[in-house]
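First the structure, in the form of structure tokens, and then the observations on it.
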Amino acid sequence: MKERTPERRRRLEEVLRRRQPDLTVLLENVHKPHNLSAILRTCDAVGILQAHAVNPTGGVPTFNETSGGSHKWVYLEVHPTTEAAFRHLRERGFSVYATALKEGARDYREVDYTRPTAIVLGAEKWGVSEEALALADGLIHIPMLGMVQSLNVSVAAAVILFEAQRQRLQAGLYDRPRLEPELYQKILEDWLRK
């Protein structure tokens, strides 16, 4: 357990005040530990409170040094199936956008990320499943002007999430706490123990 200094508490409070409970990612069978860790690091950087993953085995790959300890600050909820994950997000009011190299996918910058939004990112080799594509509210892509078709999953996550952060900063969503006071206090107490 870390030392409880006033400076550390102030830093944790400052970060927690900026957390965005209505912005998240859904990682569908992302198996490589370095990718999962890098995505969670980006989630922390843009203020995501909780990420989601689908892994039928119920576990997630182990964390490595790529996460920079961010797995302590971004909660990860694992769902047994893609359908269960979508149901969970929809029950909480999220619009769900899947990344895809498909006809009709919109430029990722055209989405309004100031609304409750979840971004689905797929397995390293195969991308988002057909099931997730069918369940999604919309498909998005990152325009590529070179020879390669797509970015690494963790890089794609960073590109999209920093666009979401840009929009949310512009809309003032980081200017005031977004968590209910009771939840804020509960999370702060959890963080102080880490």
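Residue numbering restarts at 1 in every chain; chains get A, B, ... in the order shown in the structure tokens, and ligands count up from 1 in that same order.
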Picked from segment 12-138 of chain A by DSSP as strand (DSSP E or B), as a PDB file with C-alpha atoms, in the first residue's frame:
```pdb
ATOM      1  CA  GLN A  20     -15.502   9.983 -17.816  1.00  0.00           C
ATOM      2  CA  LEU A  23     -16.797   6.770 -22.384  1.00  0.00           C
ATOM      3  CA  THR A  24     -15.389   3.270 -22.670  1.00  0.00           C
ATOM      4  CA  VAL A  25     -13.918   0.570 -24.868  1.00  0.00           C
ATOM      5  CA  LEU A  26     -15.008  -2.999 -25.432  1.00  0.00           C
ATOM      6  CA  LEU A  27     -12.076  -5.236 -26.300  1.00  0.00           C
ATOM      7  CA  GLU A  28     -13.292  -8.315 -28.115  1.00  0.00           C
ATOM      8  CA  ILE A  48     -11.841   6.437 -18.890  1.00  0.00           C
ATOM      9  CA  GLN A  50     -13.856   1.437 -16.767  1.00  0.00           C
ATOM     10  CA  ALA A  51     -13.011  -0.672 -19.808  1.00  0.00           C
ATOM     11  CA  HIS A  52     -14.753  -3.852 -20.927  1.00  0.00           C
ATOM     12  CA  ALA A  53     -13.460  -7.047 -22.474  1.00  0.00           C
ATOM     13  CA  VAL A  54     -14.968 -10.170 -23.973  1.00  0.00           C
ATOM     14  CA  TYR A  75     -11.340  -0.944 -13.932  1.00  0.00           C
ATOM     15  CA  LEU A  76     -11.695  -3.831 -16.380  1.00  0.00           C
ATOM     16  CA  GLU A  77     -14.947  -5.771 -16.519  1.00  0.00           C
ATOM     17  CA  VAL A  78     -14.792  -9.090 -18.371  1.00  0.00           C
ATOM     18  CA  HIS A  79     -17.921 -10.411 -20.096  1.00  0.00           C
ATOM     19  CA  SER A  95     -24.090   3.889 -28.133  1.00  0.00           C
ATOM     20  CA  VAL A  96     -21.683   1.241 -29.394  1.00  0.00           C
ATOM     21  CA  TYR A  97     -19.441   1.804 -32.413  1.00  0.00           C
ATOM     22  CA  ALA A  98     -17.347  -1.002 -33.869  1.00  0.00           C
ATOM     23  CA  THR A  99     -14.113  -0.459 -35.744  1.00  0.00           C
ATOM     24  CA  ARG A 106     -17.804   6.251 -41.111  1.00  0.00           C
ATOM     25  CA  ASP A 107     -14.659   8.243 -40.520  1.00  0.00           C
ATOM     26  CA  THR A 117     -20.024   6.016 -26.211  1.00  0.00           C
ATOM     27  CA  ALA A 118     -18.362   2.606 -26.308  1.00  0.00           C
ATOM     28  CA  ILE A 119     -15.794   1.712 -28.968  1.00  0.00           C
ATOM     29  CA  VAL A 120     -15.415  -1.954 -29.923  1.00  0.00           C
ATOM     30  CA  LEU A 121     -11.929  -3.052 -30.921  1.00  0.00           C
ATOM     31  CA  GLY A 122     -11.293  -6.569 -32.134  1.00  0.00           C
ATOM     32  CA  ALA A 123      -8.725  -9.312 -31.926  1.00  0.00           C
ATOM     33  CA  GLY A 127     -10.697  -7.615 -36.023  1.00  0.00           C
ATOM     34  CA  GLY A 138     -22.497   2.082 -36.281  1.00  0.00           C
TER      35      GLY A 138
END
```
Would you please give, as a ChimeraX atom specification, all residues of segment 31-176 of chain A that DSSP assigns to alpha helix (DSSP H) based on the backbone? /A:33-46,82-91,130-135,153-170
Could you list, as a count of residues only, every residue within 10 Å of Tyr113 of chain A, counting only C-alpha atoms and ignoring same-chain residues fewer than 3 positions away? 18
List as a ChimeraX atom specification the protein and nucleic acid residues near Arg17 of chain A, meaning an atom at most 7 Å away when only C-alpha atoms are counted, but skip any in the same chain fewer than 6 places from it. /A:176-178
Just to be explicit: take each residue in the selection above, keep N, CA, C and O atoms, and write the result as a PDB file, in the first residue's frame.
```
ATOM      1  N   ARG A 176     -15.784  19.490 -14.689  1.00  0.00           N
ATOM      2  CA  ARG A 176     -16.468  19.244 -13.428  1.00  0.00           C
ATOM      3  C   ARG A 176     -16.576  17.737 -13.213  1.00  0.00           C
ATOM      4  O   ARG A 176     -16.545  16.968 -14.171  1.00  0.00           O
ATOM      5  N   PRO A 177     -16.669  17.314 -11.958  1.00  0.00           N
ATOM      6  CA  PRO A 177     -16.769  15.867 -11.692  1.00  0.00           C
ATOM      7  C   PRO A 177     -17.984  15.266 -12.394  1.00  0.00           C
ATOM      8  O   PRO A 177     -19.060  15.852 -12.401  1.00  0.00           O
ATOM      9  N   ARG A 178     -17.815  14.098 -12.965  1.00  0.00           N
ATOM     10  CA  ARG A 178     -18.886  13.419 -13.697  1.00  0.00           C
ATOM     11  C   ARG A 178     -19.446  12.240 -12.917  1.00  0.00           C
ATOM     12  O   ARG A 178     -20.396  11.601 -13.350  1.00  0.00           O
TER      13      ARG A 178
END
```
For Ser150 of chain A, find every residue with an atom within 10 Å (counting only C-alpha atoms), except residues of its own chain fewer than 3 positions away, and show them as a compact mmCIF listing (two decimals) with all heavy atoms, in the first residue's frame.
```
# COMPACT_ATOMS: atom_id res chain seq x y z
N ALA A 100 -14.13 -1.12 -38.08
CA ALA A 100 -14.25 -2.11 -39.16
C ALA A 100 -13.73 -1.55 -40.47
O ALA A 100 -13.91 -0.37 -40.78
CB ALA A 100 -15.70 -2.53 -39.33
N LEU A 101 -13.13 -2.43 -41.26
CA LEU A 101 -12.72 -2.09 -42.62
C LEU A 101 -13.82 -2.57 -43.55
O LEU A 101 -13.67 -3.54 -44.28
CB LEU A 101 -11.39 -2.79 -42.95
CG LEU A 101 -10.19 -2.40 -42.10
CD1 LEU A 101 -9.00 -3.29 -42.40
CD2 LEU A 101 -9.85 -0.94 -42.32
N GLY A 127 -9.84 -8.79 -36.18
CA GLY A 127 -10.70 -7.61 -36.02
C GLY A 127 -11.96 -7.95 -35.25
O GLY A 127 -12.05 -8.97 -34.56
N HIS A 141 -14.07 3.78 -39.01
CA HIS A 141 -12.74 3.39 -39.47
C HIS A 141 -11.81 4.59 -39.40
O HIS A 141 -12.26 5.75 -39.36
CB HIS A 141 -12.78 2.82 -40.89
CG HIS A 141 -13.00 3.86 -41.93
ND1 HIS A 141 -11.96 4.36 -42.70
CD2 HIS A 141 -14.11 4.54 -42.32
CE1 HIS A 141 -12.45 5.29 -43.53
NE2 HIS A 141 -13.74 5.41 -43.32
N ILE A 142 -10.52 4.31 -39.40
CA ILE A 142 -9.50 5.34 -39.45
C ILE A 142 -8.99 5.37 -40.89
O ILE A 142 -8.44 4.37 -41.37
CB ILE A 142 -8.35 5.02 -38.47
CG1 ILE A 142 -8.87 4.97 -37.04
CG2 ILE A 142 -7.22 6.05 -38.61
CD1 ILE A 142 -7.88 4.43 -36.02
N PRO A 143 -9.17 6.48 -41.61
CA PRO A 143 -8.72 6.54 -43.01
C PRO A 143 -7.21 6.31 -43.10
O PRO A 143 -6.44 6.89 -42.33
CB PRO A 143 -9.08 7.96 -43.45
CG PRO A 143 -10.16 8.39 -42.53
CD PRO A 143 -9.85 7.72 -41.21
N MET A 144 -6.81 5.47 -44.01
CA MET A 144 -5.40 5.13 -44.19
C MET A 144 -4.99 5.59 -45.59
O MET A 144 -5.68 5.29 -46.57
CB MET A 144 -5.19 3.62 -44.06
CG MET A 144 -5.71 3.04 -42.74
SD MET A 144 -4.83 3.61 -41.29
CE MET A 144 -3.28 2.76 -41.50
N GLY A 146 -1.71 5.11 -46.76
CA GLY A 146 -0.52 4.38 -47.15
C GLY A 146 -0.86 3.00 -47.70
O GLY A 146 -2.00 2.74 -48.10
N MET A 147 0.10 2.12 -47.66
CA MET A 147 -0.07 0.77 -48.21
C MET A 147 -0.77 -0.17 -47.22
O MET A 147 -1.42 -1.11 -47.64
CB MET A 147 1.29 0.18 -48.59
CG MET A 147 1.96 0.91 -49.74
SD MET A 147 1.02 0.80 -51.28
CE MET A 147 1.21 -0.93 -51.65
N VAL A 153 -4.02 -2.64 -33.04
CA VAL A 153 -5.23 -2.40 -32.24
C VAL A 153 -5.01 -1.37 -31.14
O VAL A 153 -5.87 -0.53 -30.88
CB VAL A 153 -5.81 -3.72 -31.68
CG1 VAL A 153 -4.88 -4.38 -30.69
CG2 VAL A 153 -7.19 -3.49 -31.07
N VAL A 155 -2.81 1.10 -31.17
CA VAL A 155 -2.62 2.41 -31.81
C VAL A 155 -3.97 2.94 -32.28
O VAL A 155 -4.29 4.12 -32.09
CB VAL A 155 -1.61 2.32 -32.97
CG1 VAL A 155 -1.50 3.66 -33.70
CG2 VAL A 155 -0.25 1.88 -32.46
N ALA A 156 -4.79 2.08 -32.87
CA ALA A 156 -6.13 2.48 -33.31
C ALA A 156 -6.95 2.98 -32.12
O ALA A 156 -7.64 4.00 -32.20
CB ALA A 156 -6.84 1.32 -34.00
```
Atom CA of Arg41 of chain A and atom CA of Val74 of chain A are how many Å apart?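 Atom CA of Arg41 of chain A sits 8.4 Å away from atom CA of Val74 of chain A.
Atom pair atom CA of Glu130 of chain A / atom CA of Phe162 of chain A has a distance of 26.0 Å (rounded to one decimal).
Counting from atom CA of Ala158 of chain A, the distance to atom CA of Ile39 of chain A is 7.1 Å.
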So that I can see what lies close to Arg19 of chain A, please list as a CSV table (one decimal) with N, CA, C and O atoms, in the first residue's frame the residues with an atom at most 9 Å from it, counting only C-alpha atoms and leaving out residues fewer than 4 positions away in the same chain.
```
chain,number,residue,atom,x,y,z
A,15,VAL,N,-7.3,13.5,-10.6
A,15,VAL,CA,-7.5,12.6,-11.7
A,15,VAL,C,-9.0,12.1,-11.7
A,15,VAL,O,-9.7,12.0,-12.7
A,44,ASP,N,-6.6,5.3,-19.4
A,44,ASP,CA,-6.2,6.1,-18.2
A,44,ASP,C,-5.9,7.5,-18.7
A,44,ASP,O,-6.4,8.5,-18.1
A,46,VAL,N,-6.9,9.3,-21.2
A,46,VAL,CA,-8.1,10.1,-21.6
A,46,VAL,C,-9.2,10.2,-20.6
A,46,VAL,O,-10.2,10.8,-20.8
A,47,GLY,N,-9.0,9.5,-19.5
A,47,GLY,CA,-9.9,9.7,-18.4
A,47,GLY,C,-11.0,8.6,-18.3
A,47,GLY,O,-12.1,8.9,-17.7
A,48,ILE,N,-10.8,7.5,-18.9
A,48,ILE,CA,-11.8,6.4,-18.9
A,48,ILE,C,-11.8,5.8,-17.5
A,48,ILE,O,-10.7,5.5,-17.0
A,49,LEU,N,-13.0,5.6,-16.9
A,49,LEU,CA,-13.1,5.0,-15.6
A,49,LEU,C,-13.0,3.4,-15.7
A,49,LEU,O,-12.4,2.8,-14.9
A,174,TYR,N,-14.6,17.7,-19.0
A,174,TYR,CA,-13.6,17.4,-18.0
A,174,TYR,C,-13.5,18.5,-16.9
A,174,TYR,O,-12.7,18.5,-16.0
A,177,PRO,N,-16.7,17.3,-12.0
A,177,PRO,CA,-16.8,15.9,-11.7
A,177,PRO,C,-18.0,15.3,-12.4
A,177,PRO,O,-19.1,15.9,-12.4
A,178,ARG,N,-17.8,14.1,-13.0
A,178,ARG,CA,-18.9,13.4,-13.7
A,178,ARG,C,-19.4,12.2,-12.9
A,178,ARG,O,-20.4,11.6,-13.4
A,179,LEU,N,-18.8,11.9,-11.8
A,179,LEU,CA,-19.3,10.8,-11.0
A,179,LEU,C,-20.2,11.2,-9.9
A,179,LEU,O,-20.0,12.3,-9.3
```
